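File shown here: query_28.txt, holding compact mmCIF, C-alpha atoms.
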# COMPACT_ATOMS: atom_id res chain seq x y z
CA MET H 1 136.61 -79.78 112.35
CA SER H 2 133.03 -79.47 113.58
CA ALA H 3 132.05 -76.85 116.16
CA VAL H 4 131.29 -79.59 118.70
CA LYS H 5 134.71 -81.26 118.28
CA LYS H 6 136.43 -77.88 118.46
CA SER H 7 134.59 -77.05 121.68
CA LEU H 8 135.55 -80.41 123.23
CA LEU H 9 139.18 -79.90 122.22
CA VAL H 10 139.28 -76.43 123.76
CA GLU H 11 137.73 -77.79 126.96
CA GLN H 12 140.30 -80.61 127.16
CA LEU H 13 143.17 -78.18 126.59
CA ARG H 14 141.81 -75.92 129.32
CA LYS H 15 141.53 -78.89 131.67
CA ASN H 16 145.10 -80.03 130.92
CA GLN H 17 146.43 -76.54 131.65
CA MET H 18 144.46 -76.38 134.90
CA VAL H 19 145.63 -79.84 136.02
CA GLU H 20 149.24 -78.83 135.37
CA LEU H 21 148.78 -75.67 137.44
CA LEU H 22 147.03 -77.58 140.24
CA SER H 23 149.85 -80.13 140.35
CA LYS H 24 152.06 -77.23 141.45
CA GLY H 25 149.62 -76.32 144.23
CA LYS H 26 148.31 -73.28 142.37
CA ARG H 27 144.97 -72.17 140.97
CA VAL H 28 144.00 -69.78 138.22
CA ASP H 29 142.83 -67.13 140.70
CA GLY H 30 145.93 -67.46 142.88
CA ARG H 31 144.35 -69.41 145.75
CA GLY H 32 145.77 -72.50 147.37
CA LEU H 33 144.00 -75.83 146.88
CA SER H 34 142.19 -75.59 150.24
CA ASP H 35 141.38 -71.87 150.23
CA TYR H 36 137.91 -70.35 150.03
CA ARG H 37 137.29 -67.13 148.20
CA ASN H 38 136.15 -64.16 150.29
CA ILE H 39 132.90 -64.93 152.12
CA LYS H 40 130.55 -62.04 152.87
CA ILE H 41 127.40 -62.43 155.00
CA GLU H 42 124.67 -59.77 155.25
CA LEU H 43 121.67 -60.28 157.51
CA ASN H 44 118.08 -58.98 157.63
CA ILE H 45 118.07 -57.58 154.13
CA ILE H 46 114.40 -58.35 153.37
CA GLU H 47 112.15 -56.26 155.60
CA LYS H 48 108.97 -58.34 155.22
CA ALA H 49 110.63 -61.72 155.77
CA ASN H 50 110.78 -63.44 159.15
CA GLY H 51 114.51 -63.80 158.53
CA SER H 52 116.83 -63.16 155.61
CA ALA H 53 120.45 -63.19 154.53
CA LYS H 54 122.63 -62.50 151.51
CA VAL H 55 125.82 -64.50 151.11
CA SER H 56 128.60 -63.94 148.61
CA ILE H 57 131.42 -66.40 147.97
CA GLY H 58 133.64 -64.64 145.51
CA ASN H 59 131.32 -63.50 142.74
CA SER H 60 128.60 -66.04 143.53
CA GLN H 61 125.71 -64.32 145.32
CA VAL H 62 122.66 -65.86 146.97
CA VAL H 63 119.73 -64.36 148.89
CA ALA H 64 117.57 -66.40 151.27
CA GLY H 65 114.30 -65.38 152.90
CA VAL H 66 112.34 -67.20 155.62
CA LYS H 67 108.56 -67.14 155.85
CA ILE H 68 106.86 -68.75 158.87
CA ALA H 69 103.17 -69.69 158.80
CA THR H 70 100.95 -72.38 160.31
CA GLY H 71 99.50 -75.48 158.73
CA ALA H 72 98.83 -79.18 159.11
CA PRO H 73 101.80 -81.53 159.72
CA PHE H 74 102.76 -84.26 157.30
CA PRO H 75 100.73 -87.45 158.01
CA ASP H 76 103.86 -89.49 158.83
CA THR H 77 105.27 -86.85 161.24
CA PRO H 78 102.29 -85.54 163.22
CA ASP H 79 104.60 -84.53 166.09
CA LYS H 80 106.89 -82.29 164.04
CA GLY H 81 106.68 -78.92 162.35
CA LEU H 82 107.38 -78.35 158.66
CA LEU H 83 110.60 -77.25 156.96
CA ILE H 84 110.59 -76.66 153.21
CA VAL H 85 113.51 -75.29 151.17
CA ASN H 86 113.02 -73.98 147.63
CA ALA H 87 115.65 -72.59 145.27
CA GLU H 88 115.70 -70.71 141.99
CA VAL H 89 118.45 -69.38 139.75
CA LEU H 90 117.36 -66.01 138.39
CA PRO H 91 117.65 -65.65 134.60
CA LEU H 92 120.13 -62.78 134.97
CA ALA H 93 122.37 -64.84 137.29
CA SER H 94 123.97 -66.83 134.48
CA PRO H 95 124.02 -66.96 130.66
CA TYR H 96 122.79 -70.56 130.98
CA ALA H 97 119.86 -69.86 133.31
CA GLU H 98 116.42 -69.84 131.74
CA PRO H 99 113.04 -68.67 133.07
CA GLY H 100 110.52 -71.31 134.01
CA PRO H 101 110.34 -74.26 136.42
CA PRO H 102 113.58 -75.21 138.21
CA ASP H 103 115.79 -77.64 136.30
CA GLU H 104 117.38 -80.77 137.79
CA HIS H 105 120.44 -78.85 139.01
CA THR H 106 118.32 -76.33 140.91
CA ILE H 107 116.19 -79.11 142.39
CA GLU H 108 119.37 -80.88 143.55
CA LEU H 109 120.62 -77.61 145.03
CA ALA H 110 117.47 -77.19 147.15
CA ARG H 111 117.48 -80.85 148.26
CA VAL H 112 121.13 -80.81 149.33
CA VAL H 113 120.64 -77.65 151.39
CA ASP H 114 117.40 -79.01 152.89
CA ARG H 115 119.06 -82.30 153.81
CA GLY H 116 122.02 -80.62 155.47
CA ILE H 117 119.75 -78.49 157.66
CA ARG H 118 117.31 -81.32 158.41
CA GLU H 119 119.84 -84.08 159.15
CA SER H 120 121.93 -81.81 161.37
CA GLN H 121 118.77 -81.15 163.39
CA MET H 122 119.52 -77.44 163.25
CA ILE H 123 115.85 -76.77 164.05
CA ASN H 124 114.06 -78.77 166.74
CA LEU H 125 110.95 -79.49 164.66
CA SER H 126 109.21 -81.05 167.67
CA LYS H 127 109.06 -77.62 169.26
CA LEU H 128 107.12 -76.25 166.27
CA VAL H 129 103.98 -78.24 167.16
CA LEU H 130 100.90 -76.30 168.32
CA ILE H 131 98.35 -79.13 168.28
CA GLU H 132 99.82 -82.53 167.54
CA GLY H 133 98.50 -83.98 164.33
CA GLN H 134 96.54 -80.83 163.55
CA LYS H 135 98.46 -77.60 163.62
CA VAL H 136 102.18 -76.79 163.45
CA TYR H 137 104.50 -74.01 162.40
CA ALA H 138 105.60 -74.27 158.77
CA VAL H 139 109.03 -72.81 157.97
CA PHE H 140 109.62 -71.93 154.31
CA VAL H 141 113.11 -71.02 153.10
CA ASP H 142 113.14 -69.47 149.62
CA VAL H 143 116.55 -69.02 148.04
CA SER H 144 117.33 -66.95 144.95
CA VAL H 145 120.68 -67.17 143.18
CA LEU H 146 121.62 -63.68 141.99
CA ASP H 147 125.00 -64.39 140.41
CA VAL H 148 126.63 -67.69 139.45
CA ASP H 149 130.39 -68.14 139.72
CA GLY H 150 130.70 -71.62 141.16
CA ASN H 151 130.02 -73.41 144.45
CA LEU H 152 126.32 -72.61 144.75
CA PHE H 153 125.88 -75.47 147.23
CA ASP H 154 127.86 -73.70 149.94
CA ALA H 155 126.66 -70.18 149.15
CA THR H 156 123.03 -71.33 149.22
CA SER H 157 123.51 -73.36 152.39
CA TYR H 158 125.15 -70.49 154.27
CA ALA H 159 122.40 -68.07 153.22
CA ALA H 160 119.67 -70.49 154.31
CA VAL H 161 121.36 -71.26 157.65
CA ALA H 162 122.03 -67.57 158.39
CA SER H 163 118.44 -66.58 157.62
CA LEU H 164 117.04 -69.37 159.83
CA ALA H 165 119.43 -68.60 162.69
CA THR H 166 118.22 -65.00 162.83
CA ALA H 167 114.54 -65.57 162.01
CA LYS H 168 111.75 -64.54 164.39
CA MET H 169 108.36 -66.25 164.41
CA PRO H 170 105.08 -65.02 165.86
CA GLU H 171 104.39 -66.56 169.24
CA LEU H 172 101.06 -68.42 169.20
CA ASP H 173 99.07 -70.01 172.00
CA VAL H 174 97.69 -73.55 171.79
CA LYS H 175 94.64 -72.24 169.95
CA GLY H 176 96.86 -70.74 167.28
CA GLU H 177 96.17 -67.14 168.26
CA SER H 178 98.98 -64.59 168.37
CA THR H 179 100.28 -63.37 171.71
CA GLY H 180 101.70 -60.29 170.03
CA GLN H 181 105.27 -61.42 170.68
CA LYS H 182 107.97 -62.66 168.29
CA ILE H 183 110.35 -65.41 169.32
CA PRO H 184 113.38 -67.06 167.66
CA LEU H 185 113.17 -70.45 166.03
CA PRO H 186 114.31 -73.36 168.24
CA ILE H 187 117.84 -73.44 166.83
CA ALA H 188 120.17 -76.19 168.07
CA GLY H 189 123.28 -75.47 165.99
CA LEU H 190 124.73 -74.23 162.72
CA PRO H 191 125.33 -76.85 160.00
CA ILE H 192 128.07 -75.95 157.53
CA SER H 193 128.57 -77.50 154.10
CA VAL H 194 131.98 -77.70 152.44
CA THR H 195 132.12 -78.49 148.73
CA GLN H 196 135.18 -79.90 147.00
CA ALA H 197 135.86 -80.66 143.35
CA LYS H 198 138.12 -83.29 141.84
CA ILE H 199 140.01 -82.18 138.73
CA GLY H 200 142.26 -84.88 137.36
CA ASP H 201 143.39 -86.52 140.58
CA ILE H 202 143.50 -83.33 142.66
CA LEU H 203 140.93 -82.09 145.19
CA ILE H 204 140.18 -78.39 145.58
CA ILE H 205 137.82 -76.44 147.83
CA ASP H 206 135.23 -73.90 146.69
CA PRO H 207 135.46 -74.35 142.90
CA THR H 208 134.73 -71.43 140.59
CA SER H 209 132.55 -71.78 137.49
CA GLU H 210 135.70 -72.18 135.40
CA GLU H 211 136.90 -75.01 137.64
CA GLU H 212 133.45 -76.63 137.75
CA ALA H 213 133.40 -76.70 133.94
CA VAL H 214 136.32 -79.17 133.90
CA MET H 215 135.85 -81.06 137.19
CA ASP H 216 135.45 -84.84 137.12
CA ALA H 217 133.57 -85.16 140.41
CA ARG H 218 132.14 -83.05 143.21
CA ILE H 219 131.50 -83.91 146.85
CA THR H 220 129.74 -81.88 149.55
CA PHE H 221 129.94 -82.74 153.25
CA THR H 222 127.75 -81.01 155.85
CA THR H 223 128.90 -81.07 159.47
CA ASP H 224 126.99 -80.15 162.60
CA GLN H 225 127.98 -78.07 165.62
CA GLU H 226 130.11 -80.91 167.04
CA GLY H 227 131.83 -81.56 163.73
CA ASN H 228 129.86 -84.74 163.03
CA ILE H 229 129.16 -85.46 159.37
CA CYS H 230 125.40 -85.44 158.91
CA ALA H 231 124.95 -85.25 155.13
CA VAL H 232 126.96 -86.08 151.99
CA GLN H 233 126.24 -85.45 148.31
CA LYS H 234 128.45 -86.72 145.51
CA GLY H 235 127.98 -85.35 141.99
CA LEU H 236 129.09 -86.14 138.42
CA SER H 237 130.35 -89.44 137.00
CA GLY H 238 133.96 -89.23 138.16
CA THR H 239 135.09 -91.45 141.02
CA LEU H 240 136.74 -90.73 144.35
CA SER H 241 139.05 -93.18 146.06
CA PHE H 242 138.44 -94.21 149.67
CA GLU H 243 141.45 -92.13 150.71
CA GLN H 244 140.12 -89.09 148.85
CA VAL H 245 136.75 -89.42 150.56
CA LEU H 246 138.47 -89.55 153.96
CA ILE H 247 140.60 -86.50 153.13
CA SER H 248 137.52 -84.64 151.91
CA ALA H 249 135.64 -85.48 155.11
CA GLU H 250 138.51 -84.32 157.33
CA THR H 251 138.88 -81.12 155.31
CA ALA H 252 135.13 -80.47 155.62
CA GLN H 253 135.35 -80.75 159.40
CA VAL H 254 138.28 -78.31 159.64
CA LYS H 255 136.90 -75.78 157.17
CA GLY H 256 133.41 -76.21 158.62
CA ASN H 257 134.65 -75.02 162.01
CA GLU H 258 136.31 -71.99 160.41
CA ILE H 259 133.22 -70.96 158.48
CA ARG H 260 130.93 -71.67 161.44
CA ALA H 261 132.98 -69.20 163.49
CA LEU H 262 132.61 -66.65 160.68
CA LEU H 263 128.84 -67.18 160.58
CA LYS H 264 128.52 -66.94 164.37
CA LYS H 265 130.40 -63.64 164.33
CA ALA H 266 128.09 -62.25 161.64
CA ILE H 267 125.03 -63.31 163.67
CA GLU H 268 126.38 -61.77 166.87
CA ASN H 269 127.18 -58.50 165.10
CA GLY H 270 123.95 -58.54 163.10

Show the structure stored in the file as structure tokens.
Amino acid sequence: MSAVKKSLLVEQLRKNQMVELLSKGKRVDGRGLSDYRNIKIELNIIEKANGSAKVSIGNSQVVAGVKIATGAPFPDTPDKGLLIVNAEVLPLASPYAEPGPPDEHTIELARVVDRGIRESQMINLSKLVLIEGQKVYAVFVDVSVLDVDGNLFDATSYAAVASLATAKMPELDVKGESTGQKIPLPIAGLPISVTQAKIGDILIIDPTSEEEAVMDARITFTTDQEGNICAVQKGLSGTLSFEQVLISAETAQVKGNEIRALLKKAIENG
């Protein structure tokens, strides 16, 4: 038997064992199907950043830093400030991570987080305009994955949202000169993403790397402050039935409220 066939066989056996366990409502790490691992949020960990946060979900760890500058608006949105999210997986974060430009998975990670923040209208970009069509605030969110153990979408999203919610920007007058004061970003709410994986025909929340290795499909819903769904990302080739999509959406709303309360508490105590 070739090494490739042997590897595929081992993976299928692992998946069969996991599906059997999940059918009994259990997971390898002892959690229920709709349970998150422990979530830890640390704020203001980067002294020179305008805002920063470190988020751990189980053993997955992500750090986000916010840098606020000024620049020209995009030509098609002259009446809005800029928001740009970048992500990188550090080489030491995973045996599979390599130095160099971000791969397609890292690019997807940044885009999903960016879309969740943007579509939820967490930041009122209209209030970041200094001179319409000429000068606006530019908000850069740089995210670094320190340790990979599954569900990077949620860990990265929470770190980015926490760092933005606590960020301070220099107050500028209409000429773009500093007043010497620092003010918070115009935050309108806290978007929360909830990622679920489908293994066999069973949906689970917050998959670990081991569970992601055998999942058939992945879906991430982001909800806003009122619980409205504002962004969705489906991954992998597996399918989800209409009923499964509805269940996933409802679960995202419930869990989103729980995690939003956790994030609010961290911000208030931070």

Of the listed residues H:Val214, H:Leu92, H:Val194, H:Leu236, that which approaches Thr251 in chain H most closely, counting all atoms listed in the file: H:Val194

Select from range 14-67 of chain H every residue with an atom at most 12 Å from any atom of range 215-222 of chain H, then for each give the shortest pair of atoms and their distance in Å to one decimal, using only C-alpha atoms, rows by chain and rising number, as CSV.
residue,atom,partner,partner_atom,distance
H:Arg14,CA,H:Met215,CA,11.1
H:Lys15,CA,H:Met215,CA,8.2
H:Asn16,CA,H:Met215,CA,11.2
H:Met18,CA,H:Met215,CA,10.1
H:Val19,CA,H:Met215,CA,9.9

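Proximity of H:Glu88, H:Asp147, H:Asp154, H:Asp206 to Gly32 in chain H, computed with all atoms listed in the file, is greatest for H:Asp206.
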
Neighbour residues at most 12 Å from (136.3, -74.5, 144.5) (only C-alpha atoms) as number ranges by chain: H: 22, 27-29, 31-38, 57-58, 60, 149-155, 194-199, 202-215, 217-220

Axis-aligned box for range 133-144 of chain H, 8 Å per side, centre and edges in Å as AutoDock Vina command-line options:
--center_x 106.9 --center_y -75.5 --center_z 154.6 --size_x 36.8 --size_y 33.0 --size_z 35.4

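Here CA of Pro191 in chain H and CA of Glu132 in chain H stand 27.2 Å from one another.
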
Near Gly81 in chain H, within 7 Å and counting all atoms listed in the file, which residues show up once chain neighbours fewer than 5 positions away are dropped, as a JSON list (two decimals) with C-alpha atoms, keeping the file's coordinate frame?
[["chain", "number", "residue", "atom", "x", "y", "z"],
["H", 73, "PRO", "CA", 101.80, -81.53, 159.72],
["H", 125, "LEU", "CA", 110.95, -79.49, 164.66],
["H", 126, "SER", "CA", 109.21, -81.05, 167.67],
["H", 128, "LEU", "CA", 107.12, -76.25, 166.27],
["H", 129, "VAL", "CA", 103.98, -78.24, 167.16],
["H", 136, "VAL", "CA", 102.18, -76.79, 163.45],
["H", 137, "TYR", "CA", 104.50, -74.01, 162.40],
["H", 138, "ALA", "CA", 105.60, -74.27, 158.77]]

Residue nearest Ala261 in chain H - candidates H:Val63, H:Val232, H:Leu9, H:Ile192, atoms counted: all atoms listed in the file: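 Closest to Ala261 in chain H, using all atoms listed in the file: H:Ile192.
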
Pairwise distance for CA of Asp142 in chain H and CA of Gly71 in chain H, rounded to one decimal in Å: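 Value for the CA of Asp142 in chain H-CA of Gly71 in chain H distance: 17.5 Å.
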
Separation of CA of Ile46 in chain H from CA of Gly176 in chain H in Å: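 It comes out at 25.6 Å.
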
Residue nearest Gln225 in chain H among H:Ile117, H:Val62, H:Ala266, H:Ile247 (counting only C-alpha atoms): H:Ile117

Contacts of range 179-186 of chain H within 6 Å, all atoms listed in the file, excl. fewer than 4 positions in-chain, as an mmCIF file with C-alpha atoms, in the coordinates of the input:
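Below is the file out_33.cif, written as the result:
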data_model
loop_
_atom_site.group_PDB
_atom_site.id
_atom_site.type_symbol
_atom_site.label_atom_id
_atom_site.label_comp_id
_atom_site.auth_asym_id
_atom_site.auth_seq_id
_atom_site.Cartn_x
_atom_site.Cartn_y
_atom_site.Cartn_z
ATOM 1 C CA ILE H 123 115.850 -76.770 164.050
ATOM 2 C CA ASN H 124 114.060 -78.770 166.740
ATOM 3 C CA ALA H 167 114.540 -65.570 162.010
ATOM 4 C CA LYS H 168 111.750 -64.540 164.390
ATOM 5 C CA MET H 169 108.360 -66.250 164.410
ATOM 6 C CA PRO H 170 105.080 -65.020 165.860
ATOM 7 C CA GLU H 171 104.390 -66.560 169.240
ATOM 8 C CA LEU H 172 101.060 -68.420 169.200
#

Nearest to Ser163 in chain H, chosen from H:Glu20, H:Glu258, H:Glu11, H:Glu42, with only C-alpha atoms counted in the distances: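 Counting only C-alpha atoms, the residue closest to Ser163 in chain H is H:Glu42.
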
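Using all atoms listed in the file for every distance, the candidate list H:Gly30, H:Gly51, H:Gly133, H:Pro95 yields H:Gly133 as the residue closest to Pro75 in chain H.
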